[in-house]
Structures are given as C-alpha cells and as structure tokens.
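First comes the structure, then the notes that go with it.
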Amino acid sequence: MASTLNAMDILRILPKTNCRGCRELTCLVFAVSVLQGRKKLGECPYVTKEVIEQFGSKEPDARNSGNELRESIDALKHKVSSMNYRDVAYRTGAEFVNDTLIVKVFGKDFRIDKDVNLSSDIHMHPWIVIPILNYLLNCSGMALTGKWTPFRQLRDGMAWDGLFQQRCEKPLKKIIDEHKDFFEIMAQIFNAREVENDFDSDISIVLTPLVKLPILIRYWKPDDRFESNVNIFFDSSAQDNLDLDSVYALAAGLVRMFEKIAETHGEVR
Ligand code: SF4
C-alpha cells in the first residue's frame with residue numbers, strides 16, 4: 001500500500017518563496033491544495049521531474065488537511081494570547097468586557113476569552129476564523145476611507161485578480177443569478193445593508209464581516225445586450241487592517257459559505 005503525505009511533507013519539498021507561480025497565494029496554500037487534490041505537484045514550476053516521480057507513489061492524506069488548519073489556528077491563537085486585549089479592542093473596534101474580547105462579525109458577537117477560547121453564534125469555519133485571528137494581530141486601527149476599491153487595486157492585488165475572479169466573483173455571480181432572493185437572505189442572515197443609488201448597479205449591498213473590513217457587492221442584472229455581472233469591493237484602507245492573503249481568504253471563505261447556504265435553501269425564487 002502506498003505511504004501517505006501530509007501538507008508539511010509537501011511544503012518541505014517546495015522552495016517556500018511564495019512566488020505565486022502556481023497561482024496560489026503561498027506555498028502552504030499550494031501544499032494544502034495538492035493534499036486536497038485541487039492542484040498537482042507539477043504545477044509548481046520549481047519541483048523537478050525526479051521529485052514528482054519520487055513522490056508519485058505516495059498518496060496525499062486529505063485527512064491531514066484538517067490537522068494543518070487546526071495547527072495554523074493554534075499558532076495564531078498562541079500569538080493572540082500574548083496580546084493586550086484592551087489594545088486589540090481599541091485598534092479593531094471590538095469590545096473588551098469581563099476579560100473577554102467581543103469582535104463583531106457580520107454584526108454578531110465573536111468572543112475570545114482570556115485563554116483564547118473562541119465562541120460565537122456564527123459557524124466557525126477555519127477560512128473565517130483564520131482571517132479573524134489575523135485581523136486581531138495585524139489591524140492597524142486605520143479609519144475607513146469610504147472609498148470602494150476593487151481587489152486588483154489593492155497592493156499586489158493585480159497579480160492575483162484572475163484568481164480572485166475565478167474563486168470569488170464568478171461563483172458569486174452564479175449564486176446570485178440562480179437565487180433571486182440572495183440579497184434578502186444576506187440581509188436576514190448577515191445583516192447586509194442595501195446601498196441606494198450606488199454607482200450604476202442594479203443592487204448593491206454592504207456586508208461587514210469585520211468592523212474595519214466592510215465588503216461591497218455590486219450586481220448588474222442581465223439585459224438584452226449584456227449578461228449579469230458581479231464585482232466585489234473593499235474599503236481602500238483594507239490592507240492597513242488585514243493582510244492581502246487574509247482579505248482574499250475571507251472573500252473566498254464567504255463565497256464558499258454562500259454556496260453552502262444556497263445549497264441548503266435550494267431554488268428560493
Ligand atoms: S510556484 Fe507556488 S508552490 Fe512553487 S514556490 Fe511559487 S508559491 Fe511556492
């Protein structure tokens with residue numbers, strides 16, 4: 001029987017330069033993608049044919065991808081444990097009550113107690129939890145500018161705009177096209193706020209996954225000449241409060257969550 005690989009085994013044979021030649025944001029994300037079967041080892045141009053052949057007899061152990069994510073979360077929690085919660089609350093717009101940090105996530109409480117135990121009314125998927133922990137660690141406290149900016153105009157965003165469109169905007173357009181009450185559901189579940197007369201869009205909503213990281217979704221309905229379109233925007237201060245990887249992960253995680261909700265609701269015209 002073939003031996004198995006985990007993400008750390010795969011990461012070990014990568015250059016760890018995070019050059020993004022494989023169209024993933026980091027070597028670790030690429031390693032997890034290989035583990036999950038979404039990427040092939042040969043998609044990293046720096047892995048030699050010999051290494052690919054050597055690893056060809058081993059099977060990725062997808063069960064370990066969950067362990068890797070848990071390890072990433074534990075490492076971030078360890079860093080958060082050494083922080084001054086009052087300072088974090090001040091920077092992030094969170095509350096600090098009874099030794100507990102209360103971060104608003106879509107307007108709902110996400111609590112971090114003094115031992116960094118997490119609790120919340122929202123579903124705690126790793127792709128949401130990791131950006132939240134990075135937000136606590138890295139948010140500079142920069143005030144929102146109110147200037148909506150597409151992903152490609154964030155620093156280094158242009159190089160990854162194709163990936164952002166594939167993983168975020170295109171699947172979101174499909175969900176909205178197929179679920180006509182998408183915006184009502186967003187308002188009910190995620191406290192989305194509709195923006196009146198926004199640009200030339202048919203519908204625009206603002207979601208607030210984090211107080212200092214609002215997201216604007218603009219939707220154009222199809223007409224006789226054009227098919228529908230969706231664009232996602234961030235406040236121009238986004239990268240002062242969250243790193244680009246986490247901005248991307250948060251948007252991609254959100255779209256995955258919308259897909260799951262859409263599956264649960266079925267056709268909800
Ligand atoms: S191509 Fe991907 S996996 Fe290879 S070094 Fe660059 S970022 Fe890492």
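Within each chain, counting starts at residue 1; across the structure tokens, chains are named A, B, ... in the order shown, with ligands numbered 1 upward in that order.
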Mind checking DSSP for range 21-248 of chain A and telling me the alpha helix (DSSP H) residues as number ranges by chain?
-> A: 27-35, 49-56, 63-81, 85-92, 126-138, 161-164, 170-178, 182-190, 238-241, 244-248
Ligand 1: which residues are within 6 Å, counting only C-alpha atoms and all ligand atoms, as a list in words?
-> Leu14, Pro15, Lys16, Thr17, Asn18, Cys19, Arg20, Gly21, Cys22, Glu24, Thr26, Cys27, Phe30, Cys44, Pro45 and Tyr46 of chain A
Kindly export the residues of the current selection with C-alpha atoms, as a PDB file, in the first residue's frame.
ATOM      1  CA  LEU A  14       8.700  23.378  -2.143  1.00  0.00           C
ATOM      2  CA  PRO A  15      11.066  26.377  -2.340  1.00  0.00           C
ATOM      3  CA  LYS A  16       8.885  28.304   0.180  1.00  0.00           C
ATOM      4  CA  THR A  17       9.438  31.546  -1.734  1.00  0.00           C
ATOM      5  CA  ASN A  18       5.688  32.224  -2.050  1.00  0.00           C
ATOM      6  CA  CYS A  19       6.393  33.379  -5.605  1.00  0.00           C
ATOM      7  CA  ARG A  20       2.791  32.501  -6.649  1.00  0.00           C
ATOM      8  CA  GLY A  21       3.863  30.890  -9.923  1.00  0.00           C
ATOM      9  CA  CYS A  22       1.381  28.089  -9.156  1.00  0.00           C
ATOM     10  CA  GLU A  24      -1.853  30.080  -5.185  1.00  0.00           C
ATOM     11  CA  THR A  26       1.535  30.915  -0.719  1.00  0.00           C
ATOM     12  CA  CYS A  27       3.485  27.656  -0.833  1.00  0.00           C
ATOM     13  CA  PHE A  30      -0.430  25.251  -2.640  1.00  0.00           C
ATOM     14  CA  CYS A  44       4.870  24.335  -9.003  1.00  0.00           C
ATOM     15  CA  PRO A  45       7.476  25.011 -11.729  1.00  0.00           C
ATOM     16  CA  TYR A  46      10.306  24.537  -9.216  1.00  0.00           C
TER      17      TYR A  46
END
Pick out the residues sitting within 8 Å of range 101-112 of chain A, and hand them over as number ranges by chain; count only C-alpha atoms, and ignore anything fewer than 3 positions along from it in its own chain.
-> A: 85, 89, 92-97, 115-122, 190-192, 207-211
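Residues of range 129-249 of chain A assigned to strand (DSSP E) by DSSP on this structure's backbone: Trp148, Thr149, Pro150, Arg193, Glu194, Ile203, Ser204, Ile205, Val206, Leu207, Thr208, Pro209, Leu210, Leu213, Pro214, Ile215, Leu216, Ile217, Arg218, Tyr219, Trp220, Asn229, Val230, Asn231, Ile232, Phe233, Phe234 and Asp235 of chain A.
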Non-local contacts of Trp160 in chain A (12 Å; only C-alpha atoms; under 6 positions in same chain excluded) as a VMD selection string = chain A and resid 19 to 26 150 to 154 166 to 168 244 to 245 247 to 248
Any idea what's packed within 10 Å of Gln239 in chain A, counting only C-alpha atoms, ignoring anything in its chain fewer than 3 positions away? Could you give it as an NGL selection string?
-> :A and (138-140 or 142 or 154-155 or 213 or 234-236 or 242-247)
Interatomic distance (Å, one decimal) between CA of Lys40 in chain A and CA of Phe55 in chain A = 11.3 Å
Skipping near chain neighbours, those fewer than 5 positions away, what residues fall within 12 Å of Glu263 in chain A using only C-alpha atoms, listed as JSON, numbers by chain?
-> {"A": [175, 178, 179, 182, 256, 257, 258, 268]}
Exercise: Trp148 in chain A partners within 10 Å, only C-alpha atoms, chain neighbours under 4 positions left out, as a ChimeraX atom specification = /A:144,214-216,232-238
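Between CA of Leu76 in chain A and CA of Ile13 in chain A lies a distance of 24.1 Å.
The space separating CA of Leu136 in chain A from CA of Val80 in chain A comes to 7.3 Å.
Of the listed residues A:Pro171, A:His123, A:Ile189, A:Leu69, the one whose atoms come nearest to Val29 in chain A is A:Leu69, with distances taken using only C-alpha atoms.
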Between A:Ile205, A:Met124, A:Leu254, A:Leu35, which one has atoms that come closest to Ala187 in chain A, using only C-alpha atoms?
-> A:Ile205
